[in-house]
Structures are given as structure tokens and as C-alpha cells.
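Before any comments, here is the structure.
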Amino acid sequence: MPPKEKATRAAAFSVAAASAALTLTACAALTTGSAQDNTPGEISTDIGDAEATLTLAFADDPPTHELVQGFTSRYPNVTVELQQTQFTDYVKTISLSMTSDDAPDIAQYNPGAMRSLIPGGHILDLDPYAEAYGWDESFPAASLEPLRSDDAASEFATGSLYAAPGALSVLGVFYNTALLEEAGVPEPPATLEDFETALELADQADIAPLSVGGLEVGGFQIWNALLNVLGDHGEYKDWVYGAAGSTIETDAAAEATETFHRWVEAGYVPESANATSDNDARAAFVDGDGMFLVTGNWAAFELEAEMGDDVGFMLMPGTTVDQTPVASGASVAYAVSSHTDHPDVAAAFLDYLSGVEAAEIQLSTGFMPVDTQAPTESRGLLGEVNSGFGTVADNEGIVPFPDYATPGMIDQLTPGVQGLISGSATPEEFLASLQAEWESHHE
């Protein structure tokens, strides 16, 4: 959904301008030298009333505009200039941008793309601020886990804190209620077998079973959702977090990949998927060209606005109705550049993200509030998303996204799944390519 124009202190840069800036800064990043000092000096939680301008770089999905508006309304002496970039371009360029002398003060944190910044000291060690603000109490422990890293960035979930959550998310399945009825599916599928039966019934009724944006991340999100419900999530988390000896070439991952491949061969994935962007897949789903859309809660606000009561949300169903729910999810998180001239102001923005006011903004834009105690009662689609997220969180079933595993993993996942869709790669070759990328980084 295009960001709205707002008469606030937040100045929004165009996507094209941001992409150009990131490209230009790449040349400055290709330098060598000693690591940047990423430990803040003397810190303060009182940012005073002096004028300060921050630049914040982010991708296109999270409620960044609204959160910045709330923060700058509270602190009118602070101006935040926004650099927004489409997600795929963002993960390819943000690490280069953050190593330049012109780095943004704050950047949306992607563990896979940005973990290489940690050994060089380009993003701030936030432990002093976490202690000063009491973030271990104000942020959910599960949301902080993937934002911690050792100094070598070889393993997540341990070491110092390098980002703070700005909103929580969960991967699931949106469904078109009218198309379910048309295909003869009496209710949302309760098991994976039921889900596959629904895909078959849709196909028989000449309804596109799935709307898929294979050009970007939509293809591997389906594979990701299948892996969530078919795999050992402890084993999977070890792989993503970089635990020694981990592998993605497991029986469970093979079953998930073969299931996806079977859906491709059955025609449940559109032949045009590899030429379809995530936005176009969403638009097709809105237009009734697809009974299911596998993506995250970030799409909920737009889908409900466009489809009303014709759209619902569920988690990818497991193999049995009583299976403990597991789903990929994470926080939309923000890191602070070691080059910033205003670390205390940047940290104050991160602290703002955990408050009641921010929780209302996060919820209103289709995300789960960082403040898990905030009231989340709502009707319609957002209520269904909240319910799904709560079910997974209560059962400690939130697991990270697979592209967090290495800086280059997203560059294996997207073309790898495209290969499964086009028939140019086998399930075995796909998993082997992921493991080869993992070993090139970790071993």
C-alpha cells in the first residue's frame, strides 16, 4: 500500500531516490581497514530539546511512516528523513550503504543481509541502552533472540543486542471465503491433507488454487510455511542461527520441498509465478485470481480494505488438528549505525517502539504490537491474524525466516524456488544449494 502523505516532521524520500543513494554509497563501502568502534560511549535516556535530524532506511512493508510520525510528534525537536526501498533491493544494498560515511542513522534490520556488518563494527552494540531502558522487560524475549549475535556474527541468539523490535509478524495463509464456497470447501482446512484437498477442489472448479509471487519472496514463503509444519523447529532454528554442524538437508525439509514440488506439478502454482511480483500476486488474490495467498500479516490491512468479509486468515495447518502450531515470524526491527551523530536520539526512537502509543500504531497497520500486554481485541481480519499470532506465541512456536541464515541466503532461496517452479531444479538440488551457501558462510 503506498505510504500516505503526512504533514509531519518526517520527510519521505522516493523509492527511486533511495535506491540511487544506496547504489552510490556502494562504491564508498568497498574499502578495507580496522573495524569501526561499535560501543557507545557515555549514554543518556534524556535526549533534551536540541534540534536533531536522523535518516532512517527501511523496506516497504512495515509501519515505519506511522511510527516515525508518532515519535516526532512526541519529540518535535527531532526530524526523521525516510529512505524507503523495495524489499528485494533493500536486502541487496543496505549492508553496503551502512558501511559508508553517509550511512543512515537507523536502518531496518535484516539479520541475513546485515550480519556481515557486526564484525566490522558498523552497527551499534545496543546492550548499554537495553540496560538503561530496561528492554529485557519491555520487549518480548522471543523478539530479541534473533537480534543478538556474537562478535563474529557466526551465530545468532547469543551475545550482544544489535537491533530492537518495531512490530511483530507471523507467516500464514489468507483465503478467499467466496472462492472456498464456490470450490465446495466447507470450511478453512484444518490439516495439511485438508489444505491439499482444497487445492485440488479449486483446480477442478477452474479456480486458481494459489496466488504466487515467485519473482520475489512469495514462492519461498510457501516452502517456508510447509517447512514450519513438517520440520523439527529446534533443528531448523539451529540451522538459521548458525549452530555448528547444522543442515537443511533433513528428511523433514525434503518432505516440505517435495510437497511444494508436487503442488507445482499438479498445476496449483500458476505457470506465470516466476514473472509475478509479490504486489502483483496480492493484487491477483484481491481480484479473485487465487483461493489462497501465503504471506505475512503485513498484507492484512490492504487485503481487508479491498476484500472486506471475503478474506480470512489462518496458520498453515499441520499434519494433525492437534499439532503444536509453528510459524515463521519475527520482529520488524531497527538497528543504529555506529556512524550516527545522535545515538541517544536513535535509541530513544527504539525505546518508543515498545510503548503503548506505538502498540496502537502497530496494531492499526496490521502488525502485532511489541507490547504483548497491549489490548489487541479487534474484529475482522486483523482479529483473525491476532488470534493466529497469539496461538503460535503462546506455544513458543515462532521461528525465524530462512533467509536469516546467511547474508546470501535470500539469493539462493528465490532462484532456488524459481527452479522448482520452472522444473529446472530438483528438490535435492534446491536443498543442496541452500546447504552449500550455509557452509560457505559458517564453515
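Following the order of the C-alpha cells, chains are lettered A, B, ..., residues in each are numbered from 1, and ligands are numbered from 1.
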
Quick one: everything within 9 Å of A:Thr39, counting only C-alpha atoms, minus sequence neighbours fewer than 5 positions away in the same chain. Send it as an mmCIF file with all heavy atoms, in the first residue's frame.
data_model
loop_
_atom_site.group_PDB
_atom_site.id
_atom_site.type_symbol
_atom_site.label_atom_id
_atom_site.label_comp_id
_atom_site.auth_asym_id
_atom_site.auth_seq_id
_atom_site.Cartn_x
_atom_site.Cartn_y
_atom_site.Cartn_z
ATOM 1 N N GLY A 121 31.908 -3.679 12.954
ATOM 2 C CA GLY A 121 31.508 -2.642 13.894
ATOM 3 C C GLY A 121 30.649 -1.550 13.296
ATOM 4 O O GLY A 121 30.620 -0.429 13.821
ATOM 5 N N LEU A 124 25.572 -0.418 15.934
ATOM 6 C CA LEU A 124 25.855 -0.160 17.341
ATOM 7 C C LEU A 124 25.500 -1.354 18.223
ATOM 8 O O LEU A 124 24.448 -1.984 18.045
ATOM 9 C CB LEU A 124 25.065 1.071 17.788
ATOM 10 C CG LEU A 124 25.668 1.978 18.854
ATOM 11 C CD1 LEU A 124 27.024 2.520 18.412
ATOM 12 C CD2 LEU A 124 24.710 3.131 19.153
ATOM 13 N N ASP A 125 26.362 -1.670 19.156
ATOM 14 C CA ASP A 125 26.065 -2.619 20.221
ATOM 15 C C ASP A 125 25.095 -1.919 21.169
ATOM 16 O O ASP A 125 25.444 -0.934 21.830
ATOM 17 C CB ASP A 125 27.364 -2.996 20.940
ATOM 18 C CG ASP A 125 27.154 -3.972 22.084
ATOM 19 O OD1 ASP A 125 26.011 -4.104 22.562
ATOM 20 O OD2 ASP A 125 28.145 -4.570 22.539
ATOM 21 N N LEU A 126 23.874 -2.424 21.250
ATOM 22 C CA LEU A 126 22.818 -1.740 21.988
ATOM 23 C C LEU A 126 22.700 -2.182 23.438
ATOM 24 O O LEU A 126 21.786 -1.731 24.154
ATOM 25 C CB LEU A 126 21.476 -1.955 21.275
ATOM 26 C CG LEU A 126 21.363 -1.348 19.873
ATOM 27 C CD1 LEU A 126 20.052 -1.774 19.220
ATOM 28 C CD2 LEU A 126 21.467 0.166 19.919
ATOM 29 N N ASP A 127 23.581 -3.043 23.909
ATOM 30 C CA ASP A 127 23.476 -3.531 25.281
ATOM 31 C C ASP A 127 23.407 -2.409 26.318
ATOM 32 O O ASP A 127 22.608 -2.483 27.260
ATOM 33 C CB ASP A 127 24.631 -4.484 25.601
ATOM 34 C CG ASP A 127 24.370 -5.900 25.088
ATOM 35 O OD1 ASP A 127 23.241 -6.173 24.630
ATOM 36 O OD2 ASP A 127 25.297 -6.733 25.146
ATOM 37 N N PRO A 128 24.229 -1.349 26.217
ATOM 38 C CA PRO A 128 24.130 -0.272 27.218
ATOM 39 C C PRO A 128 22.754 0.384 27.235
ATOM 40 O O PRO A 128 22.229 0.717 28.304
ATOM 41 C CB PRO A 128 25.229 0.713 26.790
ATOM 42 C CG PRO A 128 26.219 -0.132 26.052
ATOM 43 C CD PRO A 128 25.384 -1.143 25.316
ATOM 44 N N SER A 338 26.831 2.839 13.700
ATOM 45 C CA SER A 338 27.934 3.289 14.548
ATOM 46 C C SER A 338 28.429 4.672 14.135
ATOM 47 O O SER A 338 29.151 5.330 14.884
ATOM 48 C CB SER A 338 29.092 2.296 14.483
ATOM 49 O OG SER A 338 28.690 1.028 14.914
#

Subject >> Nearby residues (only C-alpha atoms) at most 8 Å from stretch 249-258 of chain A, same-chain spacing under 6 positions excluded, as a ChimeraX atom specification >> reply: /A:223,226-227,230-232,427-428,431-432,435

Using the selection just defined, write its residues with N, CA and C atoms as a PDB file, in the first residue's frame.
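In the end it all went to out-v6.pdb:
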ATOM      1  N   TRP A 223       7.165 -22.522   0.572  1.00  0.00           N
ATOM      2  CA  TRP A 223       8.090 -23.560   1.033  1.00  0.00           C
ATOM      3  C   TRP A 223       8.389 -23.381   2.517  1.00  0.00           C
ATOM      4  N   LEU A 226       5.495 -24.601   4.640  1.00  0.00           N
ATOM      5  CA  LEU A 226       5.465 -26.071   4.682  1.00  0.00           C
ATOM      6  C   LEU A 226       6.546 -26.617   5.604  1.00  0.00           C
ATOM      7  N   LEU A 227       7.733 -26.017   5.547  1.00  0.00           N
ATOM      8  CA  LEU A 227       8.819 -26.449   6.413  1.00  0.00           C
ATOM      9  C   LEU A 227       8.464 -26.234   7.878  1.00  0.00           C
ATOM     10  N   LEU A 230       6.152 -29.201   8.851  1.00  0.00           N
ATOM     11  CA  LEU A 230       6.639 -30.560   8.617  1.00  0.00           C
ATOM     12  C   LEU A 230       7.984 -30.838   9.281  1.00  0.00           C
ATOM     13  N   GLY A 231       8.672 -29.791   9.730  1.00  0.00           N
ATOM     14  CA  GLY A 231      10.022 -29.965  10.243  1.00  0.00           C
ATOM     15  C   GLY A 231      10.122 -29.973  11.752  1.00  0.00           C
ATOM     16  N   ASP A 232      11.322 -30.268  12.226  1.00  0.00           N
ATOM     17  CA  ASP A 232      11.690 -30.156  13.635  1.00  0.00           C
ATOM     18  C   ASP A 232      12.155 -28.721  13.840  1.00  0.00           C
ATOM     19  N   PRO A 427      14.126 -31.128  -6.039  1.00  0.00           N
ATOM     20  CA  PRO A 427      14.135 -30.838  -4.601  1.00  0.00           C
ATOM     21  C   PRO A 427      15.500 -31.075  -3.962  1.00  0.00           C
ATOM     22  N   GLU A 428      16.175 -32.129  -4.376  1.00  0.00           N
ATOM     23  CA  GLU A 428      17.501 -32.426  -3.810  1.00  0.00           C
ATOM     24  C   GLU A 428      18.505 -31.334  -4.160  1.00  0.00           C
ATOM     25  N   LEU A 431      17.788 -28.075  -1.993  1.00  0.00           N
ATOM     26  CA  LEU A 431      18.279 -28.138  -0.610  1.00  0.00           C
ATOM     27  C   LEU A 431      19.809 -28.139  -0.573  1.00  0.00           C
ATOM     28  N   ALA A 432      20.426 -28.800  -1.523  1.00  0.00           N
ATOM     29  CA  ALA A 432      21.892 -28.821  -1.571  1.00  0.00           C
ATOM     30  C   ALA A 432      22.453 -27.420  -1.789  1.00  0.00           C
ATOM     31  N   GLN A 435      22.301 -25.553   1.519  1.00  0.00           N
ATOM     32  CA  GLN A 435      23.318 -26.007   2.463  1.00  0.00           C
ATOM     33  C   GLN A 435      24.714 -25.554   2.037  1.00  0.00           C
TER      34      GLN A 435
END

**OP:** Check stretch 25-241 of chain A with DSSP on the backbone and list each residue it calls strand (DSSP E or B), as a ChimeraX atom specification.
**Re:** /A:52-58,78-84,106-109,123,148-149,156,160-161,164-168,171-176,210

Export of the given selection (C-alpha atoms) as a compact mmCIF listing (two decimals), in the first residue's frame:
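Output contents, as saved in part.txt:
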# COMPACT_ATOMS: atom_id res chain seq x y z
CA ALA A 52 18.42 16.65 15.73
CA THR A 53 17.93 15.10 12.30
CA LEU A 54 18.04 11.35 11.73
CA THR A 55 17.92 9.38 8.48
CA LEU A 56 16.03 6.08 8.61
CA ALA A 57 16.35 3.49 5.84
CA PHE A 58 13.69 0.80 5.54
CA VAL A 78 13.61 15.66 16.10
CA THR A 79 13.27 15.35 12.32
CA VAL A 80 13.40 11.93 10.69
CA GLU A 81 14.11 11.69 6.97
CA LEU A 82 12.90 8.42 5.45
CA GLN A 83 14.66 6.37 2.78
CA GLN A 84 12.28 3.69 1.55
CA ILE A 106 18.81 3.97 11.72
CA ALA A 107 18.10 1.08 9.37
CA GLN A 108 15.51 -1.67 9.30
CA TYR A 109 17.45 -4.72 10.42
CA ILE A 123 26.05 -1.17 13.71
CA ARG A 148 21.53 -10.95 19.28
CA SER A 149 24.83 -12.10 17.80
CA PHE A 156 22.54 -15.72 16.43
CA SER A 160 25.12 -8.55 22.19
CA LEU A 161 21.88 -6.93 21.04
CA ALA A 164 15.24 -3.58 18.67
CA PRO A 165 11.78 -4.73 17.54
CA GLY A 166 9.45 -2.28 15.85
CA ALA A 167 6.49 -4.62 15.25
CA LEU A 168 5.92 -8.36 15.34
CA LEU A 171 3.59 -16.03 8.27
CA GLY A 172 0.25 -17.59 7.40
CA VAL A 173 -2.40 -18.21 4.76
CA PHE A 174 -5.02 -15.76 3.55
CA TYR A 175 -8.05 -17.34 1.88
CA ASN A 176 -10.90 -16.07 -0.27
CA LEU A 210 -2.66 -20.29 -5.18

Subject >> Selected residue of minimal separation from A:Gly416 among A:Asp238, A:Glu216, A:Glu302, A:Asp102, counting only C-alpha atoms >> reply: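 Ranking A:Asp238, A:Glu216, A:Glu302, A:Asp102 by distance to A:Gly416, first place goes to A:Glu216.
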
Find the nearest atom pair between each residue of stretch 118-212 of chain A and stretch 348-361 of chain A for residues within 10 Å, count only C-alpha atoms, give distances in Å to one decimal, sort rows by chain and ascending number, and present the table as JSON lines.
{"residue": "A:Tyr129", "atom": "CA", "partner": "A:Asp351", "partner_atom": "CA", "distance": 8.9}
{"residue": "A:Ala130", "atom": "CA", "partner": "A:Asp351", "partner_atom": "CA", "distance": 8.8}
{"residue": "A:Tyr133", "atom": "CA", "partner": "A:Asp351", "partner_atom": "CA", "distance": 7.1}
{"residue": "A:Gly134", "atom": "CA", "partner": "A:Asp351", "partner_atom": "CA", "distance": 9.2}
{"residue": "A:Trp135", "atom": "CA", "partner": "A:Asp351", "partner_atom": "CA", "distance": 7.7}
{"residue": "A:Glu137", "atom": "CA", "partner": "A:Ser354", "partner_atom": "CA", "distance": 9.9}
{"residue": "A:Ser138", "atom": "CA", "partner": "A:Ser354", "partner_atom": "CA", "distance": 6.1}
{"residue": "A:Phe139", "atom": "CA", "partner": "A:Ser354", "partner_atom": "CA", "distance": 6.3}
{"residue": "A:Pro140", "atom": "CA", "partner": "A:Ser354", "partner_atom": "CA", "distance": 9.4}
{"residue": "A:Ala163", "atom": "CA", "partner": "A:Leu350", "partner_atom": "CA", "distance": 8.4}
{"residue": "A:Ala164", "atom": "CA", "partner": "A:Leu350", "partner_atom": "CA", "distance": 6.1}
{"residue": "A:Pro165", "atom": "CA", "partner": "A:Leu353", "partner_atom": "CA", "distance": 7.1}
{"residue": "A:Gly166", "atom": "CA", "partner": "A:Leu353", "partner_atom": "CA", "distance": 5.3}
{"residue": "A:Ala167", "atom": "CA", "partner": "A:Leu353", "partner_atom": "CA", "distance": 7.7}

With all heavy atoms retained, could you export that selection as a tab-separated table (two decimals), in the first residue's frame?
chain	number	residue	atom	x	y	z
A	129	TYR	N	22.16	0.58	26.08
A	129	TYR	CA	20.82	1.17	26.03
A	129	TYR	C	19.76	0.19	26.53
A	129	TYR	O	18.80	0.59	27.20
A	129	TYR	CB	20.49	1.62	24.61
A	129	TYR	CG	21.27	2.84	24.16
A	129	TYR	CD1	22.26	2.74	23.19
A	129	TYR	CD2	21.01	4.09	24.72
A	129	TYR	CE1	22.98	3.85	22.78
A	129	TYR	CE2	21.72	5.21	24.32
A	129	TYR	CZ	22.71	5.09	23.35
A	129	TYR	OH	23.42	6.21	22.96
A	130	ALA	N	19.94	-1.09	26.20
A	130	ALA	CA	19.00	-2.10	26.68
A	130	ALA	C	18.96	-2.12	28.21
A	130	ALA	O	17.89	-2.24	28.82
A	130	ALA	CB	19.39	-3.47	26.14
A	133	TYR	N	17.34	1.38	29.50
A	133	TYR	CA	15.90	1.48	29.28
A	133	TYR	C	15.12	0.29	29.83
A	133	TYR	O	13.89	0.33	29.92
A	133	TYR	CB	15.60	1.59	27.78
A	133	TYR	CG	15.79	2.98	27.20
A	133	TYR	CD1	16.84	3.26	26.33
A	133	TYR	CD2	14.88	4.00	27.48
A	133	TYR	CE1	16.99	4.52	25.75
A	133	TYR	CE2	15.02	5.26	26.91
A	133	TYR	CZ	16.08	5.52	26.06
A	133	TYR	OH	16.21	6.77	25.49
A	134	GLY	N	15.80	-0.79	30.18
A	134	GLY	CA	15.11	-1.97	30.66
A	134	GLY	C	14.40	-2.74	29.57
A	134	GLY	O	13.29	-3.24	29.75
A	135	TRP	N	15.08	-2.88	28.41
A	135	TRP	CA	14.43	-3.52	27.28
A	135	TRP	C	14.15	-5.01	27.49
A	135	TRP	O	13.26	-5.58	26.85
A	135	TRP	CB	15.27	-3.32	26.01
A	135	TRP	CG	15.21	-1.92	25.49
A	135	TRP	CD1	14.32	-0.95	25.85
A	135	TRP	CD2	16.06	-1.34	24.49
A	135	TRP	NE1	14.56	0.21	25.15
A	135	TRP	CE2	15.62	0.00	24.31
A	135	TRP	CE3	17.13	-1.81	23.75
A	135	TRP	CZ2	16.23	0.86	23.40
A	135	TRP	CZ3	17.74	-0.95	22.84
A	135	TRP	CH2	17.29	0.37	22.67
A	137	GLU	N	12.69	-6.20	29.82
A	137	GLU	CA	11.35	-6.27	30.39
A	137	GLU	C	10.30	-5.74	29.42
A	137	GLU	O	9.17	-6.23	29.38
A	137	GLU	CB	11.30	-5.45	31.69
A	137	GLU	CG	12.21	-5.96	32.79
A	137	GLU	CD	11.83	-7.35	33.25
A	137	GLU	OE1	10.63	-7.67	33.26
A	137	GLU	OE2	12.75	-8.13	33.61
A	138	SER	N	10.65	-4.73	28.62
A	138	SER	CA	9.65	-4.09	27.77
A	138	SER	C	9.50	-4.74	26.40
A	138	SER	O	8.48	-4.53	25.73
A	138	SER	CB	9.97	-2.60	27.60
A	138	SER	OG	11.28	-2.40	27.10
A	139	PHE	N	10.49	-5.51	25.97
A	139	PHE	CA	10.39	-6.24	24.71
A	139	PHE	C	10.28	-7.74	25.00
A	139	PHE	O	10.97	-8.25	25.89
A	139	PHE	CB	11.62	-6.01	23.83
A	139	PHE	CG	11.73	-4.63	23.24
A	139	PHE	CD1	12.69	-3.75	23.67
A	139	PHE	CD2	10.87	-4.23	22.23
A	139	PHE	CE1	12.80	-2.48	23.13
A	139	PHE	CE2	10.97	-2.96	21.67
A	139	PHE	CZ	11.94	-2.08	22.13
A	140	PRO	N	9.44	-8.48	24.27
A	140	PRO	CA	9.34	-9.93	24.48
A	140	PRO	C	10.69	-10.61	24.22
A	140	PRO	O	11.38	-10.28	23.25
A	140	PRO	CB	8.30	-10.37	23.44
A	140	PRO	CG	7.58	-9.13	23.03
A	140	PRO	CD	8.54	-8.00	23.20
A	163	ALA	N	19.76	-4.81	17.48
A	163	ALA	CA	18.57	-4.16	16.95
A	163	ALA	C	17.46	-4.28	17.99
A	163	ALA	O	17.56	-5.06	18.94
A	163	ALA	CB	18.15	-4.80	15.63
A	164	ALA	N	16.40	-3.51	17.78
A	164	ALA	CA	15.24	-3.58	18.67
A	164	ALA	C	13.98	-3.73	17.82
A	164	ALA	O	13.89	-3.19	16.71
A	164	ALA	CB	15.16	-2.32	19.52
A	165	PRO	N	12.98	-4.46	18.32
A	165	PRO	CA	11.78	-4.73	17.54
A	165	PRO	C	10.92	-3.49	17.34
A	165	PRO	O	10.76	-2.67	18.24
A	165	PRO	CB	11.03	-5.77	18.39
A	165	PRO	CG	12.04	-6.28	19.37
A	165	PRO	CD	12.98	-5.16	19.61
A	166	GLY	N	10.36	-3.37	16.14
A	166	GLY	CA	9.45	-2.28	15.85
A	166	GLY	C	8.02	-2.73	15.62
A	166	GLY	O	7.09	-1.94	15.64
A	167	ALA	N	7.81	-4.01	15.40
A	167	ALA	CA	6.49	-4.62	15.25
A	167	ALA	C	6.73	-6.11	15.07
A	167	ALA	O	7.80	-6.51	14.61
A	167	ALA	CB	5.74	-4.04	14.04

Subject >> Atom-to-atom span, atom CA of A:Val321 and atom CA of A:Glu235, Å >> reply: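 Computing it gives 22.4 Å between the two atoms.
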
With stretch 404-412 of chain A as the partner and 12 Å as the cut-off, tabulate the residues of stretch 232-264 of chain A that qualify, each row holding the nearest pair of atoms and their distance in Å to one decimal, using only C-alpha atoms, sorted by chain and rising number, as a Markdown table.
| residue | atom | partner | partner_atom | distance |
| --- | --- | --- | --- | --- |
| A:Tyr236 | CA | A:Ala405 | CA | 10.1 |
| A:Lys237 | CA | A:Ala405 | CA | 9.2 |
| A:Asp238 | CA | A:Ala405 | CA | 9.4 |
| A:Trp239 | CA | A:Ala405 | CA | 6.9 |
| A:Val240 | CA | A:Ala405 | CA | 4.2 |
| A:Tyr241 | CA | A:Ala405 | CA | 6.2 |
| A:Gly242 | CA | A:Ala405 | CA | 6.7 |
| A:Ala243 | CA | A:Ala405 | CA | 10.2 |
| A:Ser246 | CA | A:Ala405 | CA | 10.9 |
| A:Thr247 | CA | A:Ala405 | CA | 11.0 |
| A:Ile248 | CA | A:Ala405 | CA | 10.5 |

Original post:
Which residues come within 9 Å of A:Ala190, counting only C-alpha atoms, excluding same-chain residues fewer than 5 positions away, as a list of chain:residue names?
Top reply: A:Phe195, A:Met316, A:Pro317, A:Gly318, A:Thr319, A:Thr320, A:Val321

Would you save the residues of that selection, restricted to C-alpha atoms, as a PDB file, in the first residue's frame?
ATOM      1  CA  PHE A 195      -5.379 -27.980   2.544  1.00  0.00           C
ATOM      2  CA  MET A 316      -0.612 -23.157   7.595  1.00  0.00           C
ATOM      3  CA  PRO A 317      -2.303 -26.270   9.012  1.00  0.00           C
ATOM      4  CA  GLY A 318      -0.238 -29.116  10.415  1.00  0.00           C
ATOM      5  CA  THR A 319      -0.416 -32.820   9.740  1.00  0.00           C
ATOM      6  CA  THR A 320      -2.963 -33.273  12.547  1.00  0.00           C
ATOM      7  CA  VAL A 321      -5.544 -30.942  14.053  1.00  0.00           C
TER       8      VAL A 321
END

Subject >> Exercise: stretch 217-222 of chain A partners within 8 Å, only C-alpha atoms, chain neighbours under 2 positions left out, as a VMD selection string >> reply: chain A and resid 171 212 to 215 224 to 226 260 273 277 to 278 294 to 295 413 to 414 417 to 418
